[in-house]
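What follows is a set of notes on a single structure, which appears directly below.
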Amino acid sequence: MNPPQPPKLLDQVRDTLRVKHYAYRTEESYVQWIRRFILFHNKRHPKDMAEPEVQAFLTHLAVEENVAASTQNQALSALLFLYRHVLFQPLSDSIDAVRARHSKHLPTVLSPEEIQQVLIRLEGTHQLLAKLLYGAGLRIKEGLRLRVKDLDFAQNQLIIRDAKGNKDRLTVLPHSLITPLKAHLVQVKQTFEDDLSLGYGAVYLPFALERKYPNANREWKWQYAFPAKQRSIDPRSNEVRRHHLDDGSLQRSLKQAVRSANINKTVTCHTLRHSFATHLLQNGYDIRTVQELLGHKDVKTTMIYTHVLNKGGLGVRSPLDACA
């Protein structure tokens, strides 16, 4: 009897990423970068390569493909993960590739009036979710991954779980959204109970919680606050579940609303978060408070919003205005 074949390299990468609880999209991205790295070097096995080959690949991305610095950094992170956690051949810190240039773009911010014009052109769940992203300063994934138990109506706050950097934080729950959110959850609960009656209703639980609490995935408090309209197959477990709402549908609705409002700015869901931070600073809130609500590790990240205030970071008034 032939001995079992060892798993393929990319399968090993996937298994290791899952053991370490990396997000599914990160898994897909890392696997894609590692595949591109192998193909770039004519399908040589990574265990037979090291720093010089990694440098050549990263330089190619910067010079030939002209990728953004964040894209190049993602490729580097994937390769560092491969060599450290899968091949157990950690790369040295002396990777001297040509680095992509960091862009220094200021974030796009909408005025309060523009925000209102966009929001009134959205409908239903998309409008509610967009209001929540703006009103609480959420990243789109943070909004989509909210569970019923994360909505604290008594304290007027949201609990953001496993945000960027795997940290939890608290942020404000807009008082004006309490009644619409409660009405929304009534409809979501009905859908959940219908799923249960059909033998479904189990939701994805992070990390090992599903093993630790075997029945928790069918409890109401663990359900997504913004579930998808249709059940789908979980790409990891192959189980039929109702995942959260797809971010693409909200992005498309927002884009259409911006176009309808005749706003000539490049607006994404993240623009709502930028606008939240800027408007808080305009209203006199302390930058440390804004930093905490946004979940920024370093206040320097929050400081960028001082550069997009109406009067600029230094409060300078144009001399032309003084002549008017």
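Within each chain, counting starts at residue 1; across the structure tokens, chains are named A, B, ... in the order shown, with ligands numbered 1 upward in that order.
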For range 203-319 of chain A against range 186-189 of chain A, with a cut-off of 8 Å and counting only C-alpha atoms, what is the closest atom pair and its distance in Å to one decimal for every residue that makes the cut, ordered by chain and number, as JSON lines?
```
{"residue": "A:Trp220", "atom": "CA", "partner": "A:Lys189", "partner_atom": "CA", "distance": 7.4}
{"residue": "A:Ala225", "atom": "CA", "partner": "A:Val188", "partner_atom": "CA", "distance": 7.2}
{"residue": "A:Phe226", "atom": "CA", "partner": "A:Val188", "partner_atom": "CA", "distance": 7.7}
{"residue": "A:Pro227", "atom": "CA", "partner": "A:Val188", "partner_atom": "CA", "distance": 7.4}
```
> Hey, what does DSSP flag as strand (DSSP E) within range 16-184 of chain A? Can you give it to me as a list in words?
Replying inline: Leu151, Asp152, Gln157, Leu158, Ile159, Ile160, Arg169, Leu170, Thr171 and Val172 of chain A
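Here CA of Glu65 in chain A and CA of Arg99 in chain A stand 12.0 Å from one another.
The environment of Leu245 in chain A within 10 Å, counting only C-alpha atoms and disregarding residues fewer than 2 places along the same chain, consists of Thr125, His126, Lys141, Gly143, Leu144, Arg145, Tyr224, Ala225, Phe226, Pro227, Ala228, Lys229, Gln230, Arg242, His243, Asp247, Gly248, Ser249 and Leu250 of chain A.
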Could those residues be written to a file, using N, CA and C atoms, as an mmCIF file, in the first residue's frame?
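What ended up in selection14.cif:
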```cif
data_model
loop_
_atom_site.group_PDB
_atom_site.id
_atom_site.type_symbol
_atom_site.label_atom_id
_atom_site.label_comp_id
_atom_site.auth_asym_id
_atom_site.auth_seq_id
_atom_site.Cartn_x
_atom_site.Cartn_y
_atom_site.Cartn_z
ATOM 1 N N THR A 125 -32.402 48.375 3.901
ATOM 2 C CA THR A 125 -31.250 47.924 4.681
ATOM 3 C C THR A 125 -29.990 48.686 4.309
ATOM 4 N N HIS A 126 -29.826 49.017 3.033
ATOM 5 C CA HIS A 126 -28.638 49.753 2.594
ATOM 6 C C HIS A 126 -28.597 51.142 3.235
ATOM 7 N N LYS A 141 -16.611 46.271 6.870
ATOM 8 C CA LYS A 141 -16.634 44.909 7.402
ATOM 9 C C LYS A 141 -17.091 44.892 8.853
ATOM 10 N N GLY A 143 -19.319 46.855 10.137
ATOM 11 C CA GLY A 143 -20.766 46.967 10.110
ATOM 12 C C GLY A 143 -21.433 45.670 9.698
ATOM 13 N N LEU A 144 -20.884 45.039 8.665
ATOM 14 C CA LEU A 144 -21.489 43.809 8.160
ATOM 15 C C LEU A 144 -21.372 42.659 9.148
ATOM 16 N N ARG A 145 -20.307 42.656 9.946
ATOM 17 C CA ARG A 145 -20.072 41.541 10.876
ATOM 18 C C ARG A 145 -20.707 41.741 12.247
ATOM 19 N N TYR A 224 -26.091 37.392 12.639
ATOM 20 C CA TYR A 224 -25.656 38.660 12.043
ATOM 21 C C TYR A 224 -26.818 39.652 12.051
ATOM 22 N N ALA A 225 -26.510 40.899 12.399
ATOM 23 C CA ALA A 225 -27.533 41.945 12.389
ATOM 24 C C ALA A 225 -27.952 42.306 10.966
ATOM 25 N N PHE A 226 -27.042 42.079 10.009
ATOM 26 C CA PHE A 226 -27.341 42.376 8.605
ATOM 27 C C PHE A 226 -27.078 41.121 7.767
ATOM 28 N N PRO A 227 -27.978 40.147 7.842
ATOM 29 C CA PRO A 227 -27.766 38.887 7.125
ATOM 30 C C PRO A 227 -28.023 39.016 5.631
ATOM 31 N N ALA A 228 -27.458 38.075 4.895
ATOM 32 C CA ALA A 228 -27.679 38.027 3.449
ATOM 33 C C ALA A 228 -29.121 37.614 3.161
ATOM 34 N N LYS A 229 -29.582 37.950 1.970
ATOM 35 C CA LYS A 229 -30.954 37.603 1.588
ATOM 36 C C LYS A 229 -31.106 36.108 1.335
ATOM 37 N N GLN A 230 -30.000 35.492 0.884
ATOM 38 C CA GLN A 230 -30.054 34.075 0.542
ATOM 39 C C GLN A 230 -29.048 33.283 1.371
ATOM 40 N N ARG A 242 -26.490 31.146 6.428
ATOM 41 C CA ARG A 242 -26.838 32.504 5.999
ATOM 42 C C ARG A 242 -25.727 33.427 6.485
ATOM 43 N N HIS A 243 -24.922 33.883 5.550
ATOM 44 C CA HIS A 243 -23.790 34.741 5.903
ATOM 45 C C HIS A 243 -24.300 36.175 6.067
ATOM 46 N N ASP A 247 -20.711 42.999 0.841
ATOM 47 C CA ASP A 247 -20.310 44.403 0.795
ATOM 48 C C ASP A 247 -20.468 45.009 -0.590
ATOM 49 N N GLY A 248 -20.382 44.184 -1.624
ATOM 50 C CA GLY A 248 -20.490 44.708 -2.980
ATOM 51 C C GLY A 248 -21.837 45.343 -3.267
ATOM 52 N N SER A 249 -22.901 44.778 -2.724
ATOM 53 C CA SER A 249 -24.227 45.334 -2.980
ATOM 54 C C SER A 249 -24.371 46.722 -2.362
ATOM 55 N N LEU A 250 -23.804 46.914 -1.167
ATOM 56 C CA LEU A 250 -23.858 48.236 -0.534
ATOM 57 C C LEU A 250 -23.001 49.235 -1.294
#
```
>> Report as a PyMOL selection string all protein, DNA and RNA residues lying within 9 Å of Arg218 in chain A, evaluated on only C-alpha atoms, omitting residues in the same chain fewer than 6 positions from it.
In response: chain A and resi 192+196+200-203
>> From a backbone DSSP assignment, name each residue in range 40-190 of chain A labelled helix (DSSP H, G or I), as a ChimeraX atom specification.
In response: /A:40,46-48,51-63,69-86,112-119,124-136,140-144,148-150,175-190
> Which distance in Å separates CA of Tyr24 in chain A and CA of Leu185 in chain A, to one decimal?
Replying inline: 26.5 Å
> A:Leu133, A:Ile178, A:Cys269, A:Trp33: which is nearest Ala154 in chain A, counting only C-alpha atoms?
Replying inline: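 Using only C-alpha atoms, the shortest distance to Ala154 in chain A belongs to A:Ile178.
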>> Nearest residue to Ser29 in chain A out of A:Thr306, A:Gln74, A:Asn66, A:Asn42, using only C-alpha atoms?
In response: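 Of the candidates, the smallest distance to Ser29 in chain A is held by A:Gln74.
Proximity of A:Ala78, A:Leu138, A:Val54, A:Val67 to His41 in chain A, computed with only C-alpha atoms, is greatest for A:Val54.
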> Which one is closest to Leu205 in chain A: A:Tyr30, A:Thr266, A:Asp298, A:His21? Count only C-alpha atoms.
Replying inline: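 Nearest candidate to Leu205 in chain A out of A:Tyr30, A:Thr266, A:Asp298, A:His21: A:His21.
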> Near range 170-175 of chain A, within 10 Å and counting only C-alpha atoms, which residues show up once chain neighbours fewer than 2 positions away are dropped, as a list in words?
Replying inline: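 With the cut-off at 10 Å, the set is Lys131, Leu132, Tyr134, Gly135, Ala136, Gly137, Leu138, Asp150, Leu151, Asp152, Phe153, Gln155, Asn156, Gln157, Leu158, Ile159, Ile160, Arg161, Asp168, Leu177, Ile178, Thr179, Pro180, Val290, Glu292, Leu293, Leu294 and Gly295 of chain A.
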Write a file of the selected residues as a CSV table (one decimal), in the first residue's frame, keeping C-alpha atoms.
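Dumped everything to result-v2.csv:
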```
chain,number,residue,atom,x,y,z
A,131,LYS,CA,-26.3,55.5,8.4
A,132,LEU,CA,-24.6,53.2,10.8
A,134,TYR,CA,-21.4,57.2,9.1
A,135,GLY,CA,-23.0,57.6,12.5
A,136,ALA,CA,-20.6,55.2,14.3
A,137,GLY,CA,-17.5,55.6,12.2
A,138,LEU,CA,-17.4,51.9,11.2
A,150,ASP,CA,-23.1,43.6,19.8
A,151,LEU,CA,-25.9,46.2,19.7
A,152,ASP,CA,-26.2,47.7,23.2
A,153,PHE,CA,-29.4,49.7,23.1
A,155,GLN,CA,-26.0,52.0,26.7
A,156,ASN,CA,-26.3,53.6,23.2
A,157,GLN,CA,-23.1,51.9,22.1
A,158,LEU,CA,-21.8,49.3,19.6
A,159,ILE,CA,-19.3,46.7,20.5
A,160,ILE,CA,-16.9,46.1,17.6
A,161,ARG,CA,-15.4,42.6,17.9
A,168,ASP,CA,-12.4,45.0,20.4
A,177,LEU,CA,-31.0,54.7,14.7
A,178,ILE,CA,-32.3,52.9,17.8
A,179,THR,CA,-35.9,52.6,16.6
A,180,PRO,CA,-35.1,51.7,13.0
A,290,VAL,CA,-12.0,60.4,17.9
A,292,GLU,CA,-10.6,55.8,20.5
A,293,LEU,CA,-13.9,55.7,18.6
A,294,LEU,CA,-12.1,54.9,15.3
A,295,GLY,CA,-9.9,52.3,17.0
```
>> Calculated over only C-alpha atoms, which of the candidates A:Leu119, A:Leu17, A:Val308, A:Lys300 has the smallest distance to Gln282 in chain A?
In response: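 Checking each of A:Leu119, A:Leu17, A:Val308, A:Lys300 against Gln282 in chain A, counting only C-alpha atoms, the winner is A:Val308.
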